[in-house]
Amino acid sequence: MASKLLASNFRQTLTRIATSCQLRPLSTAAATAEAPPPEPYQDPNGISMKGVKILGRPLYLDMQATSPVDPRVLDAMLPFYMSRYGNPHSRTHMYGWESDQAVETARSQVASLVGASPKEIVFTSGATESNNISVKGVMHFYKEKKRHVITTQTEHKCVLDSCRHLQQEGFEITYLPVGSDGLVDLEKLRSAIRPDTGLVSIMAVNNEIGVIQPMEEIGRICKEFNVPFHTDAAQALGKIPIDVGKWNVSLMSLSGHKIYGPKGVGALYMRRRPRIRVEPQMNGGGQERGIRSGTVPTPLVVGMGAACELAKREMEYDEKRITALQERLLNGIKAKLDGVVINGSIERRYAGNLNLSFAYVEGESLLMGLKEVAVSSGSACTSASLEPSYVLRALGVDEDMAHTSIRFGIGRFTTEAEIDRAVELTVQQVEKLREMSPLYEMVKEGINIKDIQWSQH
């Protein structure tokens, strides 16, 4: 009886203390007790974020910027966050061994998708790092004999910036022009190669306009002149068949988050026979054969491996489905709007990337009007700029049309209903903006606005 009374008094004392004392503002208890702030999309009247208000979460059609993580990829990753969290470079216990085994399995999965040996795959933080290692690393290693790089005007910004960095160090760079279809002229490439050319860097699938370069033909030319060939294949991996042997690439940059894998991980293919050498751009513990020091992030690498495994298995199905959705989107827009132009080659392009320009419409106004559709005007890396896309300008697209470009990115999880809604909203917004455009009125009246002599006041 006494023990029960004592226990009762003890519980009452604890209750009084708990109610009377204030929780420390940074304590775990305080964090649990405090109600979480409302999410930006919990507004009962719609979503408000950065001053923009819309009815619900937008449709996602920006797959070239990033893709959602496939749930099957997430399932493969979770154990390496929760229980198998060992450092893959720890050699003395099971936690390290199982992480190391998982990394090597992922290496094999990535290699299998591109027709390479697992020993030729180096894990990095993403395609940007892989591009930097390739462009700067090769030229720094062979700098005594090789002082010239060939690339194109439509490469990803990290390749172009790496080339500009080399120019500041005294290397010479040839920026090849592309045709109006976005494809490189093979004869111009051949004539640009010099005895001191150390690298040719041409991306496989363009991130802004989706055109697919003639990789096998470029590879043959590079092999003929014995020049290493690097390609940025971030947008090609898992979307078109890749065979490093047929393409004759010496280096290839890959990304995880463009193939329904996690952000923060990528890979670099480095040919072993004939061997290509690079100067490491990061020094440290010598991981990844000394090419890329730093602890390999096991969960991310496992995720990229799983994404590559799924892509290999489902690439054909995905391509058929995405092609049908692209045709539905294009036909739906063209059936209701005139003055719609496809940027880049129609025949040689990845179906999931549809870059359109809408005549007589101001691009930024169109983007702001399409608040319910997550699309972009070009590369996510340069979309903060109001300048027209340098890729479209390289194609010879007029500045006014380059300003009106919208990139629609279609992916594995895009539905027909989303495509139909995107068509409806795009047509609605373009028609609304054209109603306010005096230029469109003049064109409808048969006036050629290019013949007008505009005077300044």
# chains A, B, ... in the order shown; residues from 1 in each chain; ligands from 1
>>> closest_atom_pairs(of="stretch 133-204 of chain A", to="stretch 256-275 of chain A", cutoff="12 Å", atoms="only C-alpha atoms", output="CSV")
residue,atom,partner,partner_atom,distance
A:Ile133,CA,A:Leu268,CA,8.6
A:Ser134,CA,A:Leu268,CA,8.3
A:Val135,CA,A:Leu268,CA,11.9
A:Gly137,CA,A:Met270,CA,11.7
A:Val138,CA,A:Met270,CA,10.9
>>> write_last_selection(atoms="C-alpha atoms", output="compact mmCIF listing (two decimals), in the first residue's frame")
# COMPACT_ATOMS: atom_id res chain seq x y z
CA ILE A 133 37.92 15.94 -64.62
CA SER A 134 37.67 15.01 -68.30
CA VAL A 135 38.36 18.37 -69.92
CA GLY A 137 42.30 16.57 -66.25
CA VAL A 138 43.24 15.26 -69.71
>>> residues_around(residues="A:Leu310", least_positions_apart="3", cutoff="12 Å", atoms="only C-alpha atoms", output="ChimeraX atom specification")
/A:69-73,76,106,109-110,112-113,237-239,259-261,303-307,313-318,412
>>> write_last_selection(atoms="N, CA, C and O atoms", output="JSON list (two decimals), in the first residue's frame")
[["chain", "number", "residue", "atom", "x", "y", "z"],
["A", 69, "VAL", "N", 12.88, 10.58, -58.05],
["A", 69, "VAL", "CA", 13.50, 9.30, -57.72],
["A", 69, "VAL", "C", 12.45, 8.20, -57.86],
["A", 69, "VAL", "O", 11.36, 8.30, -57.30],
["A", 70, "ASP", "N", 12.80, 7.18, -58.62],
["A", 70, "ASP", "CA", 11.92, 6.03, -58.77],
["A", 70, "ASP", "C", 11.77, 5.35, -57.40],
["A", 70, "ASP", "O", 12.77, 5.14, -56.70],
["A", 71, "PRO", "N", 10.53, 5.02, -56.97],
["A", 71, "PRO", "CA", 10.35, 4.39, -55.65],
["A", 71, "PRO", "C", 11.20, 3.13, -55.47],
["A", 71, "PRO", "O", 11.66, 2.83, -54.36],
["A", 72, "ARG", "N", 11.44, 2.39, -56.55],
["A", 72, "ARG", "CA", 12.25, 1.18, -56.46],
["A", 72, "ARG", "C", 13.72, 1.52, -56.17],
["A", 72, "ARG", "O", 14.43, 0.77, -55.50],
["A", 73, "VAL", "N", 14.15, 2.68, -56.67],
["A", 73, "VAL", "CA", 15.51, 3.17, -56.38],
["A", 73, "VAL", "C", 15.61, 3.54, -54.90],
["A", 73, "VAL", "O", 16.58, 3.20, -54.22],
["A", 76, "ALA", "N", 16.00, 0.59, -52.69],
["A", 76, "ALA", "CA", 17.35, 0.03, -52.70],
["A", 76, "ALA", "C", 18.29, 0.86, -51.82],
["A", 76, "ALA", "O", 19.22, 0.31, -51.20],
["A", 106, "ALA", "N", 26.92, -1.67, -57.67],
["A", 106, "ALA", "CA", 26.44, -0.49, -58.39],
["A", 106, "ALA", "C", 27.37, -0.15, -59.55],
["A", 106, "ALA", "O", 26.91, 0.22, -60.64],
["A", 109, "GLN", "N", 26.47, -2.33, -62.34],
["A", 109, "GLN", "CA", 25.18, -1.95, -62.94],
["A", 109, "GLN", "C", 25.34, -0.77, -63.89],
["A", 109, "GLN", "O", 24.75, -0.74, -64.98],
["A", 110, "VAL", "N", 26.13, 0.22, -63.49],
["A", 110, "VAL", "CA", 26.39, 1.38, -64.36],
["A", 110, "VAL", "C", 27.15, 0.93, -65.61],
["A", 110, "VAL", "O", 26.80, 1.30, -66.74],
["A", 112, "SER", "N", 27.29, -1.96, -67.02],
["A", 112, "SER", "CA", 26.46, -2.81, -67.89],
["A", 112, "SER", "C", 25.58, -1.98, -68.82],
["A", 112, "SER", "O", 25.35, -2.35, -69.98],
["A", 113, "LEU", "N", 25.08, -0.85, -68.33],
["A", 113, "LEU", "CA", 24.19, -0.01, -69.13],
["A", 113, "LEU", "C", 24.91, 0.65, -70.31],
["A", 113, "LEU", "O", 24.28, 0.95, -71.33],
["A", 237, "LEU", "N", 22.09, 8.87, -70.97],
["A", 237, "LEU", "CA", 22.11, 7.65, -70.16],
["A", 237, "LEU", "C", 20.70, 7.16, -69.85],
["A", 237, "LEU", "O", 19.86, 7.91, -69.35],
["A", 238, "GLY", "N", 20.42, 5.91, -70.18],
["A", 238, "GLY", "CA", 19.14, 5.31, -69.88],
["A", 238, "GLY", "C", 18.02, 5.73, -70.82],
["A", 238, "GLY", "O", 16.88, 5.27, -70.68],
["A", 239, "LYS", "N", 18.33, 6.59, -71.80],
["A", 239, "LYS", "CA", 17.30, 7.10, -72.70],
["A", 239, "LYS", "C", 17.52, 6.65, -74.14],
["A", 239, "LYS", "O", 16.58, 6.41, -74.88],
["A", 259, "ILE", "N", 18.24, 10.08, -64.39],
["A", 259, "ILE", "CA", 17.68, 8.77, -64.74],
["A", 259, "ILE", "C", 16.88, 8.19, -63.56],
["A", 259, "ILE", "O", 16.91, 7.00, -63.32],
["A", 260, "TYR", "N", 16.18, 9.07, -62.82],
["A", 260, "TYR", "CA", 15.32, 8.67, -61.71],
["A", 260, "TYR", "C", 16.13, 8.13, -60.53],
["A", 260, "TYR", "O", 15.64, 7.33, -59.76],
["A", 261, "GLY", "N", 17.36, 8.61, -60.42],
["A", 261, "GLY", "CA", 18.21, 8.30, -59.29],
["A", 261, "GLY", "C", 18.37, 9.52, -58.40],
["A", 261, "GLY", "O", 17.77, 10.57, -58.65],
["A", 303, "GLY", "N", 21.82, 3.93, -55.24],
["A", 303, "GLY", "CA", 20.67, 4.48, -55.96],
["A", 303, "GLY", "C", 20.94, 4.64, -57.45],
["A", 303, "GLY", "O", 20.11, 4.30, -58.28],
["A", 304, "MET", "N", 22.13, 5.13, -57.78],
["A", 304, "MET", "CA", 22.47, 5.29, -59.20],
["A", 304, "MET", "C", 22.56, 3.93, -59.88],
["A", 304, "MET", "O", 22.11, 3.77, -61.02],
["A", 305, "GLY", "N", 23.14, 2.96, -59.19],
["A", 305, "GLY", "CA", 23.23, 1.61, -59.75],
["A", 305, "GLY", "C", 21.86, 1.01, -60.01],
["A", 305, "GLY", "O", 21.60, 0.45, -61.08],
["A", 306, "ALA", "N", 20.96, 1.17, -59.04],
["A", 306, "ALA", "CA", 19.59, 0.64, -59.19],
["A", 306, "ALA", "C", 18.87, 1.35, -60.33],
["A", 306, "ALA", "O", 18.14, 0.71, -61.11],
["A", 307, "ALA", "N", 19.08, 2.67, -60.47],
["A", 307, "ALA", "CA", 18.45, 3.43, -61.55],
["A", 307, "ALA", "C", 18.95, 2.94, -62.92],
["A", 307, "ALA", "O", 18.17, 2.83, -63.87],
["A", 313, "ARG", "N", 16.49, -2.31, -68.16],
["A", 313, "ARG", "CA", 15.37, -3.23, -68.29],
["A", 313, "ARG", "C", 14.17, -2.58, -68.98],
["A", 313, "ARG", "O", 13.42, -3.24, -69.71],
["A", 314, "GLU", "N", 13.98, -1.26, -68.75],
["A", 314, "GLU", "CA", 12.74, -0.61, -69.18],
["A", 314, "GLU", "C", 12.93, 0.46, -70.26],
["A", 314, "GLU", "O", 11.98, 1.16, -70.59],
["A", 315, "MET", "N", 14.15, 0.58, -70.79],
["A", 315, "MET", "CA", 14.44, 1.65, -71.76],
["A", 315, "MET", "C", 13.52, 1.57, -72.99],
["A", 315, "MET", "O", 12.97, 2.59, -73.44],
["A", 316, "GLU", "N", 13.36, 0.38, -73.52],
["A", 316, "GLU", "CA", 12.55, 0.22, -74.73],
["A", 316, "GLU", "C", 11.09, 0.60, -74.47],
["A", 316, "GLU", "O", 10.47, 1.32, -75.26],
["A", 317, "TYR", "N", 10.55, 0.14, -73.36],
["A", 317, "TYR", "CA", 9.16, 0.47, -72.99],
["A", 317, "TYR", "C", 9.01, 1.97, -72.76],
["A", 317, "TYR", "O", 8.06, 2.59, -73.26],
["A", 318, "ASP", "N", 9.95, 2.55, -72.00],
["A", 318, "ASP", "CA", 9.90, 3.99, -71.71],
["A", 318, "ASP", "C", 9.93, 4.80, -73.00],
["A", 318, "ASP", "O", 9.19, 5.79, -73.15],
["A", 412, "ARG", "N", 9.25, 9.06, -67.35],
["A", 412, "ARG", "CA", 8.67, 7.76, -67.03],
["A", 412, "ARG", "C", 7.32, 7.86, -66.34],
["A", 412, "ARG", "O", 6.44, 7.02, -66.55]]
>>> residues_around(residues="A:Asn248", least_positions_apart="6", cutoff="8 Å", atoms="only C-alpha atoms", output="VMD selection string")
chain A and resid 216 219 to 220 223 229
>>> select_by_dssp(residues="stretch 89-327 of chain A", states="strand (DSSP E or B)", output="PyMOL selection string")
chain A and resi 121-124+148-152+172-176+178+184+197-201+205+211-212+229-232+251-255+266-270
>>> write_last_selection(atoms="N, CA, C and O atoms", output="compact mmCIF listing (two decimals), in the first residue's frame")
# COMPACT_ATOMS: atom_id res chain seq x y z
N ILE A 121 34.70 2.44 -64.49
CA ILE A 121 33.73 3.38 -63.92
C ILE A 121 34.27 3.99 -62.64
O ILE A 121 34.66 3.27 -61.71
N VAL A 122 34.31 5.31 -62.59
CA VAL A 122 34.73 6.07 -61.40
C VAL A 122 33.53 6.87 -60.91
O VAL A 122 32.91 7.61 -61.69
N PHE A 123 33.17 6.74 -59.64
CA PHE A 123 32.04 7.50 -59.11
C PHE A 123 32.47 8.91 -58.73
O PHE A 123 33.54 9.12 -58.15
N THR A 124 31.61 9.88 -59.06
CA THR A 124 31.86 11.30 -58.78
C THR A 124 30.61 11.89 -58.13
O THR A 124 29.65 11.18 -57.86
N HIS A 148 45.54 21.83 -77.55
CA HIS A 148 44.36 22.24 -78.32
C HIS A 148 43.17 21.34 -77.99
O HIS A 148 43.31 20.12 -77.91
N VAL A 149 41.99 21.95 -77.79
CA VAL A 149 40.75 21.23 -77.51
C VAL A 149 39.70 21.64 -78.54
O VAL A 149 39.62 22.80 -78.93
N ILE A 150 38.90 20.67 -78.98
CA ILE A 150 37.77 20.95 -79.88
C ILE A 150 36.48 20.63 -79.15
O ILE A 150 36.33 19.55 -78.57
N THR A 151 35.54 21.56 -79.16
CA THR A 151 34.22 21.33 -78.59
C THR A 151 33.20 22.04 -79.48
O THR A 151 33.54 22.51 -80.56
N THR A 152 31.94 22.10 -79.05
CA THR A 152 30.92 22.78 -79.85
C THR A 152 30.37 23.98 -79.08
O THR A 152 30.53 24.08 -77.87
N GLU A 172 44.54 26.38 -76.46
CA GLU A 172 43.70 26.91 -77.54
C GLU A 172 42.45 26.05 -77.65
O GLU A 172 42.52 24.81 -77.59
N ILE A 173 41.30 26.70 -77.84
CA ILE A 173 40.02 26.00 -77.93
C ILE A 173 39.35 26.35 -79.26
O ILE A 173 39.28 27.52 -79.64
N THR A 174 38.86 25.34 -79.96
CA THR A 174 38.04 25.55 -81.15
C THR A 174 36.60 25.23 -80.79
O THR A 174 36.30 24.10 -80.38
N TYR A 175 35.71 26.23 -80.92
CA TYR A 175 34.29 26.04 -80.65
C TYR A 175 33.58 25.83 -81.99
O TYR A 175 33.32 26.79 -82.72
N LEU A 176 33.27 24.59 -82.31
CA LEU A 176 32.65 24.30 -83.61
C LEU A 176 31.22 24.81 -83.65
O LEU A 176 30.46 24.62 -82.69
N VAL A 178 27.26 24.70 -85.02
CA VAL A 178 26.34 23.61 -85.37
C VAL A 178 25.37 24.14 -86.43
O VAL A 178 25.22 25.35 -86.61
N VAL A 184 26.45 18.73 -85.36
CA VAL A 184 27.79 19.16 -85.74
C VAL A 184 28.10 18.71 -87.16
O VAL A 184 27.65 17.65 -87.61
N THR A 197 46.09 18.53 -81.01
CA THR A 197 44.75 18.40 -80.42
C THR A 197 44.77 17.29 -79.37
O THR A 197 45.09 16.14 -79.68
N GLY A 198 44.41 17.66 -78.14
CA GLY A 198 44.46 16.70 -77.04
C GLY A 198 43.13 16.10 -76.67
O GLY A 198 43.06 15.09 -75.97
N LEU A 199 42.02 16.72 -77.13
CA LEU A 199 40.69 16.25 -76.74
C LEU A 199 39.62 16.80 -77.68
O LEU A 199 39.69 17.96 -78.09
N VAL A 200 38.65 15.96 -77.99
CA VAL A 200 37.41 16.39 -78.65
C VAL A 200 36.29 16.12 -77.66
O VAL A 200 36.15 15.00 -77.17
N SER A 201 35.51 17.14 -77.30
CA SER A 201 34.42 17.00 -76.32
C SER A 201 33.11 17.44 -76.95
O SER A 201 32.91 18.63 -77.22
N VAL A 205 23.50 13.92 -76.13
CA VAL A 205 22.14 14.45 -76.26
C VAL A 205 22.12 15.82 -75.61
O VAL A 205 22.48 15.96 -74.44
N VAL A 211 18.73 17.17 -79.22
CA VAL A 211 19.26 16.55 -80.45
C VAL A 211 20.34 15.54 -80.10
O VAL A 211 21.10 15.71 -79.14
N ILE A 212 20.39 14.46 -80.88
CA ILE A 212 21.35 13.38 -80.67
C ILE A 212 22.44 13.50 -81.72
O ILE A 212 22.17 13.42 -82.92
N PHE A 229 38.35 11.12 -77.22
CA PHE A 229 36.99 11.64 -77.43
C PHE A 229 36.23 11.58 -76.11
O PHE A 229 36.07 10.51 -75.53
N HIS A 230 35.78 12.74 -75.62
CA HIS A 230 34.97 12.82 -74.41
C HIS A 230 33.55 13.22 -74.78
O HIS A 230 33.35 14.08 -75.65
N THR A 231 32.57 12.61 -74.12
CA THR A 231 31.18 13.03 -74.32
C THR A 231 30.47 13.20 -72.99
O THR A 231 30.66 12.40 -72.06
N ASP A 232 29.67 14.25 -72.91
CA ASP A 232 28.78 14.46 -71.78
C ASP A 232 27.49 13.70 -72.12
O ASP A 232 26.71 14.14 -72.96
N LEU A 251 36.35 9.00 -72.68
CA LEU A 251 35.78 9.45 -71.40
C LEU A 251 34.31 9.78 -71.61
O LEU A 251 33.93 10.31 -72.66
N MET A 252 33.50 9.48 -70.61
CA MET A 252 32.07 9.77 -70.72
C MET A 252 31.53 10.17 -69.35
O MET A 252 31.73 9.47 -68.36
N SER A 253 30.84 11.30 -69.30
CA SER A 253 30.28 11.83 -68.05
C SER A 253 28.84 11.39 -67.89
O SER A 253 28.04 11.48 -68.84
N LEU A 254 28.49 10.93 -66.67
CA LEU A 254 27.16 10.40 -66.39
C LEU A 254 26.60 11.04 -65.12
O LEU A 254 27.36 11.46 -64.25
N SER A 255 25.27 11.09 -65.03
CA SER A 255 24.62 11.71 -63.87
C SER A 255 23.54 10.79 -63.33
O SER A 255 22.88 10.08 -64.09
N GLY A 266 27.29 10.90 -59.58
CA GLY A 266 27.46 10.70 -61.01
C GLY A 266 28.58 9.71 -61.21
O GLY A 266 29.07 9.08 -60.27
N ALA A 267 29.00 9.56 -62.45
CA ALA A 267 30.08 8.63 -62.75
C ALA A 267 30.87 9.13 -63.94
O ALA A 267 30.38 9.95 -64.74
N LEU A 268 32.08 8.64 -64.05
CA LEU A 268 32.95 8.95 -65.19
C LEU A 268 33.47 7.64 -65.75
O LEU A 268 34.09 6.85 -65.03
N TYR A 269 33.16 7.41 -67.03
CA TYR A 269 33.75 6.25 -67.72
C TYR A 269 35.13 6.66 -68.23
O TYR A 269 35.27 7.70 -68.87
N MET A 270 36.14 5.84 -67.94
CA MET A 270 37.51 6.09 -68.41
C MET A 270 38.04 4.82 -69.07
O MET A 270 38.20 3.79 -68.41
>>> residues_around(residues="A:Leu325", least_positions_apart="5", cutoff="10 Å", atoms="only C-alpha atoms", output="PyMOL selection string")
chain A and resi 319-320+330-331+351-352+410-411+414-416+418-420
>>> residues_around(residues="A:Ile221", least_positions_apart="5", cutoff="10 Å", atoms="only C-alpha atoms", output="VMD selection string")
chain A and resid 186 to 187 189 to 190 193 216 226 to 227 229 248
>>> write_last_selection(atoms="all heavy atoms", output="mmCIF file, in the first residue's frame")
data_model
loop_
_atom_site.group_PDB
_atom_site.id
_atom_site.type_symbol
_atom_site.label_atom_id
_atom_site.label_comp_id
_atom_site.auth_asym_id
_atom_site.auth_seq_id
_atom_site.Cartn_x
_atom_site.Cartn_y
_atom_site.Cartn_z
ATOM 1 N N LEU A 186 30.470 17.096 -89.590
ATOM 2 C CA LEU A 186 31.585 16.168 -89.418
ATOM 3 C C LEU A 186 32.829 16.604 -90.183
ATOM 4 O O LEU A 186 33.953 16.372 -89.737
ATOM 5 C CB LEU A 186 31.160 14.759 -89.849
ATOM 6 C CG LEU A 186 30.050 14.124 -88.991
ATOM 7 C CD1 LEU A 186 29.621 12.789 -89.568
ATOM 8 C CD2 LEU A 186 30.500 13.959 -87.547
ATOM 9 N N GLU A 187 32.641 17.245 -91.339
ATOM 10 C CA GLU A 187 33.797 17.703 -92.121
ATOM 11 C C GLU A 187 34.502 18.863 -91.425
ATOM 12 O O GLU A 187 35.727 18.973 -91.467
ATOM 13 C CB GLU A 187 33.367 18.101 -93.543
ATOM 14 C CG GLU A 187 33.010 16.921 -94.421
ATOM 15 C CD GLU A 187 34.100 15.845 -94.424
ATOM 16 O OE1 GLU A 187 35.283 16.186 -94.666
ATOM 17 O OE2 GLU A 187 33.780 14.671 -94.166
ATOM 18 N N LEU A 189 34.579 19.208 -88.216
ATOM 19 C CA LEU A 189 35.289 18.560 -87.112
ATOM 20 C C LEU A 189 36.607 17.982 -87.611
ATOM 21 O O LEU A 189 37.662 18.194 -87.000
ATOM 22 C CB LEU A 189 34.423 17.454 -86.504
ATOM 23 C CG LEU A 189 35.114 16.506 -85.506
ATOM 24 C CD1 LEU A 189 35.627 17.264 -84.289
ATOM 25 C CD2 LEU A 189 34.181 15.385 -85.078
ATOM 26 N N ARG A 190 36.545 17.273 -88.718
ATOM 27 C CA ARG A 190 37.745 16.648 -89.277
ATOM 28 C C ARG A 190 38.820 17.693 -89.592
ATOM 29 O O ARG A 190 39.997 17.520 -89.264
ATOM 30 C CB ARG A 190 37.368 15.873 -90.541
ATOM 31 C CG ARG A 190 38.527 15.152 -91.218
ATOM 32 C CD ARG A 190 38.071 14.518 -92.526
ATOM 33 N NE ARG A 190 37.146 13.431 -92.289
ATOM 34 C CZ ARG A 190 37.516 12.185 -92.050
ATOM 35 N NH1 ARG A 190 38.811 11.871 -91.995
ATOM 36 N NH2 ARG A 190 36.618 11.246 -91.863
ATOM 37 N N ILE A 193 40.879 19.274 -86.517
ATOM 38 C CA ILE A 193 41.844 18.484 -85.746
ATOM 39 C C ILE A 193 43.270 18.822 -86.173
ATOM 40 O O ILE A 193 43.581 18.884 -87.372
ATOM 41 C CB ILE A 193 41.560 16.971 -85.916
ATOM 42 C CG1 ILE A 193 40.197 16.627 -85.299
ATOM 43 C CG2 ILE A 193 42.656 16.132 -85.250
ATOM 44 C CD1 ILE A 193 39.756 15.189 -85.504
ATOM 45 N N GLU A 216 28.790 7.663 -83.334
ATOM 46 C CA GLU A 216 29.678 6.668 -83.933
ATOM 47 C C GLU A 216 30.579 7.298 -84.996
ATOM 48 O O GLU A 216 31.766 6.981 -85.091
ATOM 49 C CB GLU A 216 28.861 5.522 -84.534
ATOM 50 C CG GLU A 216 28.197 4.644 -83.478
ATOM 51 C CD GLU A 216 27.526 3.422 -84.080
ATOM 52 O OE1 GLU A 216 28.051 2.876 -85.078
ATOM 53 O OE2 GLU A 216 26.471 3.002 -83.551
ATOM 54 N N ASN A 226 43.633 9.514 -83.823
ATOM 55 C CA ASN A 226 44.188 9.130 -82.524
ATOM 56 C C ASN A 226 44.051 10.248 -81.483
ATOM 57 O O ASN A 226 44.990 10.572 -80.752
ATOM 58 C CB ASN A 226 45.660 8.709 -82.667
ATOM 59 C CG ASN A 226 46.141 7.927 -81.454
ATOM 60 O OD1 ASN A 226 45.356 7.245 -80.790
ATOM 61 N ND2 ASN A 226 47.425 8.044 -81.156
ATOM 62 N N VAL A 227 42.845 10.853 -81.451
ATOM 63 C CA VAL A 227 42.553 11.931 -80.500
ATOM 64 C C VAL A 227 41.528 11.417 -79.491
ATOM 65 O O VAL A 227 40.508 10.848 -79.887
ATOM 66 C CB VAL A 227 41.983 13.178 -81.222
ATOM 67 C CG1 VAL A 227 41.563 14.246 -80.220
ATOM 68 C CG2 VAL A 227 42.994 13.736 -82.199
ATOM 69 N N PHE A 229 38.346 11.118 -77.221
ATOM 70 C CA PHE A 229 36.991 11.642 -77.432
ATOM 71 C C PHE A 229 36.228 11.576 -76.111
ATOM 72 O O PHE A 229 36.071 10.512 -75.527
ATOM 73 C CB PHE A 229 36.302 10.811 -78.521
ATOM 74 C CG PHE A 229 34.854 11.138 -78.772
ATOM 75 C CD1 PHE A 229 34.346 12.415 -78.556
ATOM 76 C CD2 PHE A 229 33.985 10.156 -79.259
ATOM 77 C CE1 PHE A 229 33.012 12.712 -78.792
ATOM 78 C CE2 PHE A 229 32.645 10.439 -79.507
ATOM 79 C CZ PHE A 229 32.153 11.714 -79.273
ATOM 80 N N ASN A 248 33.413 4.640 -79.484
ATOM 81 C CA ASN A 248 34.849 4.898 -79.386
ATOM 82 C C ASN A 248 35.161 6.099 -78.477
ATOM 83 O O ASN A 248 36.028 6.921 -78.780
ATOM 84 C CB ASN A 248 35.479 5.121 -80.773
ATOM 85 C CG ASN A 248 36.994 5.127 -80.713
ATOM 86 O OD1 ASN A 248 37.619 4.237 -80.150
ATOM 87 N ND2 ASN A 248 37.595 6.156 -81.272
#
>>> select_by_dssp(residues="stretch 161-381 of chain A", states="alpha helix (DSSP H)", output="PyMOL selection string")
chain A and resi 161-168+186-192+215-224+244-247+298-336+363-369
>>> closest_residue(among="A:Ser437, A:Thr298, A:Asn343, A:Gln326", to="A:Tyr360", atoms="only C-alpha atoms")
A:Ser437
>>> residues_around(residues="stretch 281-283 of chain A", least_positions_apart="4", cutoff="12 Å", atoms="only C-alpha atoms", output="PyMOL selection string")
chain A and resi 124-125+129-141+162+287-295
>>> write_last_selection(atoms="N, CA and C atoms", output="compact mmCIF listing (two decimals), in the first residue's frame")
# COMPACT_ATOMS: atom_id res chain seq x y z
N THR A 124 31.61 9.88 -59.06
CA THR A 124 31.86 11.30 -58.78
C THR A 124 30.61 11.89 -58.13
N SER A 125 30.62 13.22 -57.95
CA SER A 125 29.45 13.88 -57.37
C SER A 125 28.40 14.23 -58.42
N GLU A 129 31.21 17.47 -62.25
CA GLU A 129 32.54 17.08 -61.81
C GLU A 129 33.21 16.17 -62.84
N SER A 130 32.46 15.25 -63.41
CA SER A 130 33.01 14.35 -64.42
C SER A 130 33.50 15.13 -65.63
N ASN A 131 32.76 16.15 -66.04
CA ASN A 131 33.17 16.99 -67.17
C ASN A 131 34.45 17.76 -66.84
N ASN A 132 34.54 18.28 -65.62
CA ASN A 132 35.74 19.01 -65.21
C ASN A 132 36.97 18.10 -65.19
N ILE A 133 36.81 16.89 -64.64
CA ILE A 133 37.92 15.94 -64.62
C ILE A 133 38.35 15.61 -66.05
N SER A 134 37.37 15.41 -66.93
CA SER A 134 37.67 15.01 -68.30
C SER A 134 38.40 16.11 -69.07
N VAL A 135 37.81 17.30 -69.09
CA VAL A 135 38.36 18.37 -69.92
C VAL A 135 39.67 18.90 -69.34
N LYS A 136 39.65 19.29 -68.07
CA LYS A 136 40.86 19.86 -67.47
C LYS A 136 41.88 18.78 -67.13
N GLY A 137 41.39 17.64 -66.66
CA GLY A 137 42.30 16.57 -66.25
C GLY A 137 43.13 16.01 -67.38
N VAL A 138 42.51 15.79 -68.54
CA VAL A 138 43.24 15.26 -69.71
C VAL A 138 44.28 16.27 -70.20
N MET A 139 43.84 17.51 -70.35
CA MET A 139 44.75 18.52 -70.92
C MET A 139 45.90 18.83 -69.97
N HIS A 140 45.65 18.81 -68.68
CA HIS A 140 46.75 19.04 -67.72
C HIS A 140 47.74 17.88 -67.74
N PHE A 141 47.24 16.66 -67.94
CA PHE A 141 48.13 15.49 -67.94
C PHE A 141 49.03 15.48 -69.18
N SER A 162 34.91 25.07 -68.42
CA SER A 162 36.19 24.36 -68.27
C SER A 162 37.14 24.72 -69.42
N GLN A 287 40.82 7.54 -53.08
CA GLN A 287 39.73 6.65 -53.44
C GLN A 287 39.46 6.72 -54.94
N GLU A 288 38.69 5.76 -55.44
CA GLU A 288 38.34 5.68 -56.86
C GLU A 288 39.59 5.73 -57.75
N ARG A 289 40.52 4.85 -57.46
CA ARG A 289 41.77 4.70 -58.22
C ARG A 289 42.59 5.99 -58.24
N GLY A 290 42.39 6.85 -57.23
CA GLY A 290 43.15 8.09 -57.15
C GLY A 290 42.61 9.18 -58.04
N ILE A 291 41.57 8.89 -58.81
CA ILE A 291 41.00 9.89 -59.73
C ILE A 291 40.11 10.86 -58.96
N ARG A 292 39.38 10.33 -57.95
CA ARG A 292 38.41 11.16 -57.24
C ARG A 292 38.44 10.82 -55.76
N SER A 293 39.29 11.52 -55.02
CA SER A 293 39.40 11.26 -53.58
C SER A 293 38.14 11.69 -52.85
N GLY A 294 37.90 11.04 -51.71
CA GLY A 294 36.72 11.34 -50.90
C GLY A 294 35.92 10.07 -50.68
N THR A 295 35.26 10.00 -49.53
CA THR A 295 34.44 8.83 -49.20
C THR A 295 33.31 8.67 -50.22
>>> closest_residue(among="A:Ser405, A:Asn87, A:Gln429, A:Ser250", to="A:Gln101", atoms="only C-alpha atoms")
A:Asn87
>>> residues_around(residues="A:Asp196", least_positions_apart="6", cutoff="7 Å", atoms="only C-alpha atoms", output="number ranges by chain")
A: 145-148
>>> write_last_selection(atoms="N, CA, C and O atoms", output="tab-separated table (two decimals), in the first residue's frame")
chain	number	residue	atom	x	y	z
A	145	LYS	N	52.61	18.12	-74.67
A	145	LYS	CA	52.51	17.86	-76.11
A	145	LYS	C	51.19	18.31	-76.72
A	145	LYS	O	51.12	18.57	-77.91
A	146	LYS	N	50.14	18.38	-75.90
A	146	LYS	CA	48.80	18.68	-76.42
A	146	LYS	C	48.31	20.01	-75.84
A	146	LYS	O	48.21	20.17	-74.63
A	147	ARG	N	48.00	20.95	-76.75
A	147	ARG	CA	47.61	22.30	-76.31
A	147	ARG	C	46.29	22.76	-76.94
A	147	ARG	O	45.95	23.94	-76.87
A	148	HIS	N	45.54	21.83	-77.55
A	148	HIS	CA	44.36	22.24	-78.32
A	148	HIS	C	43.17	21.34	-77.99
A	148	HIS	O	43.31	20.12	-77.91
